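What's in structure02.tsv: TSV, C-alpha atoms
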chain	number	residue	atom	x	y	z
A	12	MET	CA	-37.30	12.51	37.07
A	13	ASN	CA	-36.47	13.66	33.54
A	14	VAL	CA	-35.83	11.43	30.54
A	15	ARG	CA	-32.07	11.57	30.98
A	16	ASP	CA	-32.36	10.53	34.64
A	17	GLN	CA	-34.49	7.56	33.57
A	18	GLN	CA	-31.87	6.43	31.06
A	19	ILE	CA	-28.97	6.35	33.52
A	20	PRO	CA	-30.17	3.31	35.54
A	21	LYS	CA	-30.84	1.43	32.28
A	22	MET	CA	-27.35	2.19	31.00
A	23	ALA	CA	-25.88	1.10	34.30
A	24	VAL	CA	-27.70	-2.22	34.14
A	25	ASN	CA	-26.44	-2.78	30.60
A	26	LEU	CA	-22.87	-2.07	31.64
A	27	LEU	CA	-23.18	-4.38	34.64
A	28	PHE	CA	-24.27	-7.10	32.24
A	29	ILE	CA	-21.72	-6.47	29.48
A	30	ILE	CA	-18.55	-5.91	31.51
A	31	PRO	CA	-18.53	-9.24	33.44
A	32	ILE	CA	-19.18	-11.20	30.24
A	33	SER	CA	-16.38	-9.39	28.45
A	34	LEU	CA	-13.97	-9.98	31.31
A	35	LEU	CA	-14.97	-13.65	31.45
A	36	LEU	CA	-14.32	-14.09	27.74
A	37	LEU	CA	-10.98	-12.34	27.86
A	38	SER	CA	-9.77	-14.08	31.01
A	39	SER	CA	-11.07	-17.61	30.62
A	40	LYS	CA	-11.06	-18.07	26.85
A	41	GLY	CA	-9.02	-15.25	25.34
A	42	LEU	CA	-5.73	-16.21	23.70
A	43	ALA	CA	-3.69	-13.10	24.41
A	44	HIS	CA	-2.02	-14.50	27.55
A	45	GLU	CA	-2.30	-18.24	26.96
A	46	GLU	CA	0.92	-20.22	27.25
A	47	VAL	CA	2.09	-21.76	23.98
A	48	ASP	CA	4.03	-25.00	23.57
A	49	LEU	CA	6.75	-24.04	21.05
A	50	GLY	CA	7.49	-27.72	20.48
A	51	ARG	CA	4.41	-27.84	18.23
A	52	PHE	CA	5.98	-25.51	15.68
A	53	PRO	CA	6.71	-24.67	12.95
A	54	ILE	CA	3.47	-24.95	10.97
A	55	VAL	CA	2.47	-23.72	7.51
A	56	VAL	CA	-1.10	-23.25	6.25
A	57	SER	CA	-2.15	-22.17	2.76
A	58	THR	CA	-5.30	-21.76	0.72
A	59	TRP	CA	-5.91	-24.51	-1.84
A	60	PRO	CA	-3.77	-27.61	-2.59
A	61	PHE	CA	-0.71	-25.49	-3.37
A	62	VAL	CA	1.40	-28.32	-2.02
A	63	ASP	CA	4.70	-27.34	-3.64
A	64	ALA	CA	4.48	-23.80	-2.30
A	65	VAL	CA	3.78	-25.11	1.20
A	66	ARG	CA	6.77	-27.45	0.94
A	67	VAL	CA	9.02	-24.53	0.07
A	68	ALA	CA	7.74	-22.50	3.02
A	69	TRP	CA	8.14	-25.51	5.31
A	70	ARG	CA	11.77	-26.08	4.33
A	71	VAL	CA	12.56	-22.43	5.02
A	72	VAL	CA	10.89	-22.27	8.43
A	73	ASP	CA	12.05	-25.75	9.47
A	74	ASP	CA	15.63	-24.60	8.82
A	75	GLY	CA	15.13	-21.99	11.51
A	76	LEU	CA	14.36	-18.91	9.42
A	77	SER	CA	11.53	-16.54	10.31
A	78	ALA	CA	7.83	-16.79	9.57
A	79	VAL	CA	8.15	-13.75	7.28
A	80	ASP	CA	10.97	-15.44	5.34
A	81	ALA	CA	8.84	-18.55	4.94
A	82	VAL	CA	5.68	-16.84	3.64
A	83	VAL	CA	7.70	-14.80	1.16
A	84	GLU	CA	9.50	-17.86	-0.18
A	85	GLY	CA	6.32	-19.94	-0.23
A	86	CYS	CA	4.29	-17.32	-2.09
A	87	SER	CA	7.23	-16.67	-4.45
A	88	ALA	CA	7.23	-20.37	-5.32
A	89	CYS	CA	3.54	-20.12	-6.17
A	90	GLU	CA	4.27	-17.10	-8.36
A	91	ASP	CA	6.94	-19.11	-10.19
A	92	LEU	CA	4.58	-22.07	-10.55
A	93	ARG	CA	1.70	-19.80	-11.65
A	94	CYS	CA	-0.57	-21.70	-9.27
A	95	ASP	CA	-3.95	-22.31	-10.93
A	96	GLY	CA	-3.14	-19.51	-13.38
A	97	THR	CA	-4.30	-16.99	-10.78
A	98	VAL	CA	-0.99	-16.35	-9.00
A	99	GLY	CA	2.06	-14.74	-10.54
A	100	PRO	CA	2.64	-13.66	-14.14
A	101	GLY	CA	0.93	-15.12	-17.17
A	102	GLY	CA	-2.66	-15.26	-15.97
A	103	SER	CA	-5.89	-13.31	-15.36
A	104	PRO	CA	-5.65	-10.66	-18.09
A	105	ASP	CA	-7.55	-7.44	-17.52
A	106	GLU	CA	-9.79	-5.81	-20.14
A	107	ASN	CA	-6.70	-4.57	-21.97
A	108	GLY	CA	-5.08	-8.00	-21.96
A	109	GLU	CA	-2.48	-7.04	-19.35
A	110	THR	CA	-1.60	-9.05	-16.24
A	111	THR	CA	-0.93	-7.11	-13.03
A	112	LEU	CA	-0.23	-8.36	-9.51
A	113	ASP	CA	-1.45	-7.68	-5.97
A	114	ALA	CA	0.45	-8.95	-2.92
A	115	LEU	CA	0.81	-8.48	0.82
A	116	VAL	CA	3.04	-9.58	3.67
A	117	MET	CA	2.28	-9.00	7.36
A	118	ASN	CA	4.48	-9.56	10.40
A	119	GLY	CA	2.31	-10.62	13.33
A	120	ALA	CA	5.06	-9.82	15.83
A	121	THR	CA	5.36	-6.13	14.88
A	122	MET	CA	2.06	-5.65	12.98
A	123	GLU	CA	4.09	-4.23	10.06
A	124	VAL	CA	2.53	-4.62	6.63
A	125	GLY	CA	3.95	-4.25	3.14
A	126	ALA	CA	1.72	-4.42	0.08
A	127	VAL	CA	1.65	-3.69	-3.63
A	128	ALA	CA	-1.43	-3.32	-5.80
A	129	ALA	CA	-1.91	-3.36	-9.58
A	130	ILE	CA	1.86	-3.63	-9.93
A	131	ARG	CA	3.13	-3.93	-13.52
A	132	TYR	CA	6.29	-5.36	-15.07
A	133	VAL	CA	7.48	-7.12	-11.87
A	134	LYS	CA	6.78	-10.84	-11.56
A	135	TYR	CA	7.44	-11.25	-7.83
A	136	GLY	CA	4.64	-9.36	-6.14
A	137	ILE	CA	5.31	-10.81	-2.69
A	138	ARG	CA	8.98	-9.78	-2.79
A	139	ALA	CA	7.96	-6.28	-3.83
A	140	ALA	CA	5.54	-6.20	-0.89
A	141	ARG	CA	8.31	-7.17	1.50
A	142	LEU	CA	10.52	-4.40	0.15
A	143	VAL	CA	7.74	-1.92	0.93
A	144	MET	CA	7.67	-3.22	4.51
A	145	GLN	CA	11.46	-3.27	4.89
A	146	HIS	CA	12.48	-0.03	3.23
A	147	THR	CA	9.60	2.42	3.55
A	148	GLN	CA	7.37	3.80	6.25
A	149	HIS	CA	4.36	3.16	4.00
A	150	THR	CA	2.00	0.20	3.94
A	151	MET	CA	1.13	0.02	0.23
A	152	LEU	CA	2.45	1.19	-3.12
A	153	VAL	CA	0.38	0.93	-6.29
A	154	GLY	CA	0.57	0.76	-10.05
A	155	GLU	CA	3.53	1.72	-12.18
A	156	LYS	CA	5.13	3.69	-9.33
A	157	ALA	CA	5.19	0.48	-7.30
A	158	SER	CA	6.96	-1.17	-10.23
A	159	THR	CA	9.54	1.60	-10.40
A	160	PHE	CA	10.17	1.27	-6.67
A	161	ALA	CA	10.55	-2.53	-6.80
A	162	ILE	CA	12.96	-2.43	-9.73
A	163	SER	CA	14.99	0.34	-8.08
A	164	MET	CA	15.30	-1.88	-5.00
A	165	GLY	CA	16.79	-4.71	-7.05
A	166	LEU	CA	13.95	-6.87	-8.33
A	167	PRO	CA	14.19	-7.97	-11.98
A	168	GLY	CA	12.30	-5.88	-14.50
A	169	PRO	CA	10.67	-4.48	-16.42
A	170	THR	CA	9.13	-7.83	-17.45
A	171	ASN	CA	6.12	-8.53	-19.63
A	172	LEU	CA	3.72	-10.33	-17.28
A	173	SER	CA	1.47	-11.60	-20.07
A	174	SER	CA	1.80	-15.10	-21.53
A	175	PRO	CA	0.60	-16.77	-24.72
A	176	GLU	CA	-2.12	-18.45	-22.64
A	177	SER	CA	-3.34	-15.21	-21.06
A	178	LEU	CA	-3.35	-13.39	-24.40
A	179	GLU	CA	-5.26	-16.25	-26.06
A	180	LYS	CA	-7.85	-16.14	-23.27
A	181	TRP	CA	-8.18	-12.38	-23.71
A	182	THR	CA	-8.51	-12.66	-27.50
A	183	LYS	CA	-11.33	-15.22	-27.20
A	184	TRP	CA	-13.08	-12.98	-24.66
A	185	LYS	CA	-12.89	-10.04	-27.08
A	186	GLU	CA	-14.33	-12.21	-29.85
A	187	LYS	CA	-17.31	-12.95	-27.59
A	188	GLY	CA	-18.09	-9.27	-27.24
A	189	CYS	CA	-16.17	-8.74	-24.00
A	190	GLU	CA	-18.69	-10.75	-22.04
A	191	PRO	CA	-18.89	-11.38	-19.16
A	192	ASN	CA	-17.43	-8.24	-17.58
A	193	PHE	CA	-17.53	-6.20	-14.39
A	194	TRP	CA	-19.44	-3.16	-15.64
A	195	LYS	CA	-22.96	-2.23	-14.55
A	196	ASP	CA	-25.52	0.39	-15.57
A	197	VAL	CA	-23.45	1.45	-18.58
A	198	SER	CA	-23.87	1.81	-22.31
A	199	PRO	CA	-23.31	-0.25	-24.36
A	200	SER	CA	-24.83	-2.94	-22.15
A	201	ASN	CA	-23.54	-5.61	-24.52
A	202	GLY	CA	-20.26	-5.65	-26.35
A	203	CYS	CA	-16.92	-4.00	-25.79
A	204	GLY	CA	-16.45	-0.42	-24.65
A	205	PRO	CA	-15.67	2.36	-24.33
A	206	TYR	CA	-18.46	2.46	-21.75
A	207	HIS	CA	-20.48	5.42	-20.54
A	208	ALA	CA	-22.95	5.82	-17.71
A	209	LYS	CA	-26.51	5.23	-18.89
A	210	ARG	CA	-27.81	7.98	-16.66
A	211	SER	CA	-26.80	10.08	-13.71
A	212	ILE	CA	-27.35	8.40	-10.37
A	213	GLY	CA	-29.38	10.70	-8.14
A	214	PHE	CA	-28.64	11.40	-4.51
A	215	GLY	CA	-29.70	8.46	-2.35
A	216	GLU	CA	-30.15	6.09	-5.30
A	217	VAL	CA	-28.42	2.73	-5.46
A	218	THR	CA	-27.84	0.33	-8.32
A	219	CYS	CA	-28.22	-3.42	-8.22
A	220	PRO	CA	-25.00	-5.38	-8.65
A	221	LYS	CA	-24.70	-7.02	-12.03
A	222	GLY	CA	-22.10	-9.63	-11.15
A	223	LEU	CA	-20.31	-11.82	-13.62
A	224	GLU	CA	-23.36	-13.05	-15.49
A	225	GLY	CA	-22.77	-16.30	-17.30
A	226	SER	CA	-19.41	-16.82	-15.64
A	227	GLU	CA	-18.92	-18.85	-12.52
A	228	ILE	CA	-16.42	-17.51	-10.00
A	229	ASN	CA	-13.96	-20.29	-9.26
A	230	ARG	CA	-10.38	-20.88	-8.22
A	231	HIS	CA	-9.20	-20.70	-11.85
A	232	ASN	CA	-10.41	-17.15	-12.51
A	233	HIS	CA	-10.76	-15.50	-9.11
A	234	ASP	CA	-8.22	-16.76	-6.61
A	235	THR	CA	-5.42	-15.94	-4.20
A	236	ILE	CA	-2.72	-17.81	-2.39
A	237	ALA	CA	-2.96	-16.78	1.23
A	238	MET	CA	-0.36	-18.39	3.51
A	239	ALA	CA	0.21	-18.30	7.25
A	240	VAL	CA	3.34	-19.52	9.03
A	241	ILE	CA	4.16	-19.93	12.71
A	242	ASP	CA	7.92	-20.28	13.16
A	243	LYS	CA	9.93	-22.09	15.82
A	244	MET	CA	9.85	-19.02	18.06
A	245	GLY	CA	6.06	-18.85	17.87
A	246	HIS	CA	6.05	-15.75	15.67
A	247	ILE	CA	3.33	-15.54	13.03
A	248	ALA	CA	3.33	-14.03	9.54
A	249	VAL	CA	0.96	-14.08	6.59
A	250	GLY	CA	1.44	-13.43	2.90
A	251	THR	CA	-0.75	-13.26	-0.20
A	252	SER	CA	-0.24	-13.04	-3.94
A	253	THR	CA	-2.68	-12.92	-6.84
A	254	ASN	CA	-3.04	-11.63	-10.37
A	255	GLY	CA	-6.63	-10.71	-9.62
A	256	ALA	CA	-9.96	-11.30	-11.29
A	257	THR	CA	-9.94	-12.34	-14.93
A	258	PHE	CA	-11.07	-9.52	-17.29
A	259	LYS	CA	-11.13	-6.99	-14.46
A	260	ILE	CA	-11.41	-3.30	-15.26
A	261	PRO	CA	-7.86	-1.90	-15.51
A	262	GLY	CA	-6.85	-0.35	-12.21
A	263	ARG	CA	-9.00	-2.67	-10.14
A	264	VAL	CA	-7.52	-3.73	-6.80
A	265	GLY	CA	-9.03	-6.70	-5.01
A	266	ASP	CA	-8.68	-7.88	-1.45
A	267	GLY	CA	-5.24	-9.46	-2.00
A	268	PRO	CA	-3.18	-6.49	-0.74
A	269	ILE	CA	-5.68	-5.38	1.92
A	270	ALA	CA	-4.60	-6.25	5.46
A	271	GLY	CA	-7.55	-7.69	7.36
A	272	SER	CA	-9.30	-8.86	4.21
A	273	SER	CA	-7.09	-11.37	2.38
A	274	ALA	CA	-4.95	-12.08	5.45
A	275	TYR	CA	-4.20	-10.92	8.97
A	276	ALA	CA	-1.82	-11.99	11.73
A	277	ASP	CA	-1.21	-11.19	15.36
A	278	ASP	CA	1.32	-13.10	17.48
A	279	GLU	CA	-0.96	-12.75	20.48
A	280	VAL	CA	-3.85	-14.56	18.78
A	281	GLY	CA	-3.26	-16.28	15.43
A	282	ALA	CA	-3.81	-15.72	11.74
A	283	CYS	CA	-6.26	-15.98	8.87
A	284	GLY	CA	-6.09	-16.26	5.08
A	285	ALA	CA	-8.90	-15.72	2.56
A	286	THR	CA	-9.74	-16.40	-1.06
A	287	GLY	CA	-12.73	-15.82	-3.33
A	288	ASP	CA	-14.68	-12.80	-4.57
A	289	GLY	CA	-12.40	-10.11	-3.23
A	290	ASP	CA	-14.63	-7.24	-4.33
A	291	ILE	CA	-17.25	-8.50	-1.89
A	292	MET	CA	-14.98	-9.86	0.82
A	293	MET	CA	-12.94	-6.70	1.27
A	294	ARG	CA	-16.09	-4.90	2.39
A	295	PHE	CA	-16.19	-7.11	5.49
A	296	LEU	CA	-12.50	-7.56	6.44
A	297	PRO	CA	-13.14	-11.24	7.17
A	298	CYS	CA	-9.63	-12.07	8.34
A	299	TYR	CA	-9.57	-9.23	10.82
A	300	GLN	CA	-12.94	-10.49	12.03
A	301	VAL	CA	-11.60	-14.03	12.40
A	302	VAL	CA	-8.57	-12.96	14.43
A	303	GLU	CA	-10.60	-10.69	16.69
A	304	SER	CA	-13.16	-13.45	17.27
A	305	MET	CA	-10.36	-15.81	18.27
A	306	ARG	CA	-9.01	-13.10	20.57
A	307	LEU	CA	-12.36	-13.23	22.37
A	308	GLY	CA	-12.02	-16.97	22.77
A	309	LEU	CA	-13.83	-18.49	19.79
A	310	GLU	CA	-12.18	-21.59	18.40
A	311	PRO	CA	-10.89	-21.29	14.80
A	312	LYS	CA	-13.76	-23.26	13.28
A	313	ILE	CA	-16.45	-21.07	14.83
A	314	ALA	CA	-14.51	-17.87	14.13
A	315	ALA	CA	-14.12	-18.83	10.46
A	316	GLU	CA	-17.78	-19.82	10.08
A	317	ASP	CA	-18.90	-16.60	11.72
A	318	ALA	CA	-16.84	-14.43	9.36
A	319	ILE	CA	-18.15	-16.22	6.28
A	320	SER	CA	-21.73	-16.13	7.57
A	321	ARG	CA	-21.58	-12.37	8.08
A	322	ILE	CA	-20.85	-11.95	4.37
A	323	ALA	CA	-23.39	-14.55	3.23
A	324	ARG	CA	-26.21	-12.85	5.12
A	325	LYS	CA	-25.67	-9.71	3.02
A	326	TYR	CA	-24.59	-11.42	-0.23
A	327	PRO	CA	-26.26	-14.86	-0.41
A	328	ASN	CA	-24.62	-15.65	-3.76
A	329	PHE	CA	-21.07	-14.72	-2.88
A	330	VAL	CA	-18.23	-17.21	-3.28
A	331	GLY	CA	-15.36	-17.26	-0.81
A	332	ALA	CA	-13.47	-19.01	1.95
A	333	VAL	CA	-11.17	-18.45	4.90
A	334	PHE	CA	-8.84	-20.55	6.97
A	335	ALA	CA	-8.10	-19.74	10.59
A	336	ILE	CA	-5.21	-20.80	12.81
A	337	ASN	CA	-4.76	-19.78	16.41
A	338	LYS	CA	-1.42	-19.28	18.11
A	339	THR	CA	-1.46	-22.81	19.54
A	340	GLY	CA	-1.62	-24.26	16.01
A	341	GLU	CA	-5.29	-25.30	15.93
A	342	HIS	CA	-6.70	-24.66	12.45
A	343	ALA	CA	-9.98	-24.83	10.54
A	344	GLY	CA	-11.70	-23.48	7.44
A	345	ALA	CA	-15.09	-22.22	6.29
A	346	CYS	CA	-16.51	-21.42	2.87
A	347	HIS	CA	-19.61	-20.39	0.97
A	348	GLY	CA	-20.60	-21.03	-2.64
A	349	TRP	CA	-17.91	-23.63	-3.35
A	350	THR	CA	-16.00	-26.48	-1.77
A	351	PHE	CA	-12.76	-25.18	-0.31
A	352	GLN	CA	-9.45	-26.91	0.32
A	353	TYR	CA	-6.49	-25.73	2.35
A	354	SER	CA	-3.04	-27.22	2.87
A	355	VAL	CA	-1.13	-27.78	6.11
A	356	ARG	CA	2.37	-28.93	7.05
A	357	SER	CA	3.28	-29.34	10.70
A	358	CYS	CA	5.82	-31.17	12.84
A	359	ASP	CA	3.62	-34.24	13.26
A	360	MET	CA	3.14	-34.69	9.50
A	361	ASP	CA	5.45	-36.48	7.06
A	362	ASP	CA	4.32	-34.24	4.21
A	363	VAL	CA	1.71	-31.62	3.34
A	364	GLU	CA	-1.88	-32.64	4.06
A	365	VAL	CA	-4.91	-31.17	2.29
A	366	TYR	CA	-8.14	-30.51	4.18
A	367	THR	CA	-11.51	-30.27	2.43
A	368	VAL	CA	-14.19	-27.91	3.73
A	369	LEU	CA	-17.82	-28.13	2.58
A	370	PRO	CA	-19.78	-24.92	2.03
A	371	LEU	CA	-21.97	-23.55	4.78
A	372	THR	CA	-25.70	-23.86	4.24
A	373	SER	CA	-28.30	-21.37	5.33
A	374	ILE	CA	-29.22	-23.68	8.19
A	375	ALA	CA	-25.63	-23.94	9.31
A	376	HIS	CA	-24.98	-20.18	9.33
A	377	ARG	CA	-24.09	-19.03	12.80
A	378	SER	CA	-24.42	-15.58	14.26
A	379	TRP	CA	-21.99	-14.49	16.94
A	380	THR	CA	-22.59	-10.80	16.52
A	381	ALA	CA	-23.08	-10.41	20.27
A	382	LEU	CA	-19.35	-11.05	20.61
A	383	GLY	CA	-18.24	-9.11	17.52
Whole structure, structure tokens version:
Amino acid sequence: MNVRDQQIPKMAVNLLFIIPISLLLLSSKGLAHEEVDLGRFPIVVSTWPFVDAVRVAWRVVDDGLSAVDAVVEGCSACEDLRCDGTVGPGGSPDENGETTLDALVMNGATMEVGAVAAIRYVKYGIRAARLVMQHTQHTMLVGEKASTFAISMGLPGPTNLSSPESLEKWTKWKEKGCEPNFWKDVSPSNGCGPYHAKRSIGFGEVTCPKGLEGSEINRHNHDTIAMAVIDKMGHIAVGTSTNGATFKIPGRVGDGPIAGSSAYADDEVGACGATGDGDIMMRFLPCYQVVESMRLGLEPKIAAEDAISRIARKYPNFVGAVFAINKTGEHAGACHGWTFQYSVRSCDMDDVEVYTVLPLTSIAHRSWTALG
């Protein structure tokens, strides 16, 4: 018997072991074909205590409009309110002092996505994202061309997205020598640019991440509103909006407009929203991971903890959070590096309620990679 002949029985045994488990998960726990009680809806979930934005979304969906309508109106309200200074115009200046926006909307019934990234001169990123979904066959438009598109489709503009507060923050940062910043392995290592590579990176070499030394990542400088809505028909949508990381390198796009990273929705399963260090989180697509884990039968709490733990095992110092909601309305959150809060409004509540989630510890990290 040759080596190949010896491998066939082993492969067969593995398949005999894997297939029944997969079928068991999909049939006994999977959500794709589970009956849903529509009387439990609508429901709105959002990152952080963005209570006013959730109230707006709730009024829209409770009036019988769609989940997509609700997330757009809810995120637009947050843009108007400049939630935490990290959503909408007037916050998070880049290295040049300019504020730009990233946004996304996803329809979990059709799996359509519209997104804009690094959009300038248009203060409603989420509305621009919806226009991309409604009027193009694309998924994302970026930069000044995204602005031109949005204005041509009827959004107000061009508008200066900076504010006195954002410009003052930028001026003080410049006075401190442009520190902290997002550059690494460049010259000058201290002070403002222009920056140049210290040396050529050889084939196979890697550099160690510098991070924002001396600056804590928190919800006031590195945040997103991510919102999920289940409407009265049981359809699910998600939306996000952010003005990105404070003092980012111009042109930077975070996880906000990336489907599967900042948010993801599928009517057959549920939805997820994320917030935190988008440069790290987008490498793992945590919201796609959450939804697919729930598809396999994991409850929202375990699915959320698993997605966060996968990132923390590779980046022990990362800061981020997700919320998860399945299609029956069960919700939970998980976080690492900070205490996270998310807001919920449902039929059995008189008003928005805020849930607090404590960060996972190394002991509490769970590994469900056998299912992922």
Best match for closeness to Ala129 of chain A among A:Leu92, A:Ala256, A:Met164, A:Ile241, counting all atoms listed in the file: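 Closest residue, counting all atoms listed in the file: A:Ala256.
For the atom pair formed by atom CA of Gly101 of chain A and atom CA of Trp184 of chain A, the distance is 16.0 Å, given to one decimal.
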Using Å and a single decimal, report how far atom CA of Glu179 of chain A sits from atom CA of Gly96 of chain A.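 Between atom CA of Gly96 of chain A and atom CA of Glu179 of chain A the gap is 13.3 Å.
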Find the residue from A:Asp317, A:Asp73, A:Asp290, A:Asp278 that sits nearest to Arg263 of chain A; use all atoms listed in the file when measuring.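 Closest candidate: A:Asp290.
Reported to one decimal place, the separation of atom CA of Tyr132 of chain A from atom CA of Ile162 of chain A is 9.0 Å.
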Under the rule that all atoms listed in the file are counted, which of A:Ser272, A:Thr339, A:Asn192, A:Asn107 is the nearest residue to Leu296 of chain A?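 Closest to Leu296 of chain A, using all atoms listed in the file: A:Ser272.
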Contacts of Tyr206 of chain A within 9 Å, only C-alpha atoms, excl. fewer than 6 positions in-chain, as a tab-separated table (two decimals) with C-alpha atoms, in the frame of the given file:
chain	number	residue	atom	x	y	z
A	194	TRP	CA	-19.44	-3.16	-15.64
A	197	VAL	CA	-23.45	1.45	-18.58
A	198	SER	CA	-23.87	1.81	-22.31
A	199	PRO	CA	-23.31	-0.25	-24.36
A	200	SER	CA	-24.83	-2.94	-22.15
Could you work out an axis-aligned bounding box for all listed atoms of segment 141-148 of chain A, with 8 Å added on each of the six sides, and give its centre and edge lengths in Å to one decimal, as JSON?
{"center_x": 9.9, "center_y": -1.7, "center_z": 3.2, "size_x": 21.1, "size_y": 27.0, "size_z": 22.1}
Quick one: everything within 12 Å of Glu123 of chain A, counting all atoms listed in the file, minus sequence neighbours fewer than 2 positions away in the same chain. Send it as a VMD selection string. chain A and resid 79 115 to 121 125 to 126 140 to 151 247 to 250 270 275 to 278
Wanna dump the segment 122-223 of chain A-segment 81-89 of chain A contacts at 7 Å for me, each residue with its shortest atom pair and the distance in Å to one decimal, counting only C-alpha atoms, ordered by chain and number, as CSV?
residue,atom,partner,partner_atom,distance
A:Tyr135,CA,A:Ser87,CA,6.4
A:Ile137,CA,A:Val83,CA,6.0
A:Arg138,CA,A:Val83,CA,6.5
Counting only C-alpha atoms, the residue among A:Val133, A:Ala128, A:Met244, A:Cys283 that lies closest to His342 of chain A is A:Cys283
For Gly136 of chain A, list every protein, DNA or RNA residue within 7 Å, evaluated using all atoms listed in the file, and leave out those in the same chain fewer than 2 positions away; present the list as a PyMOL selection string. chain A and resi 112-114+127+133-134+138-140+252
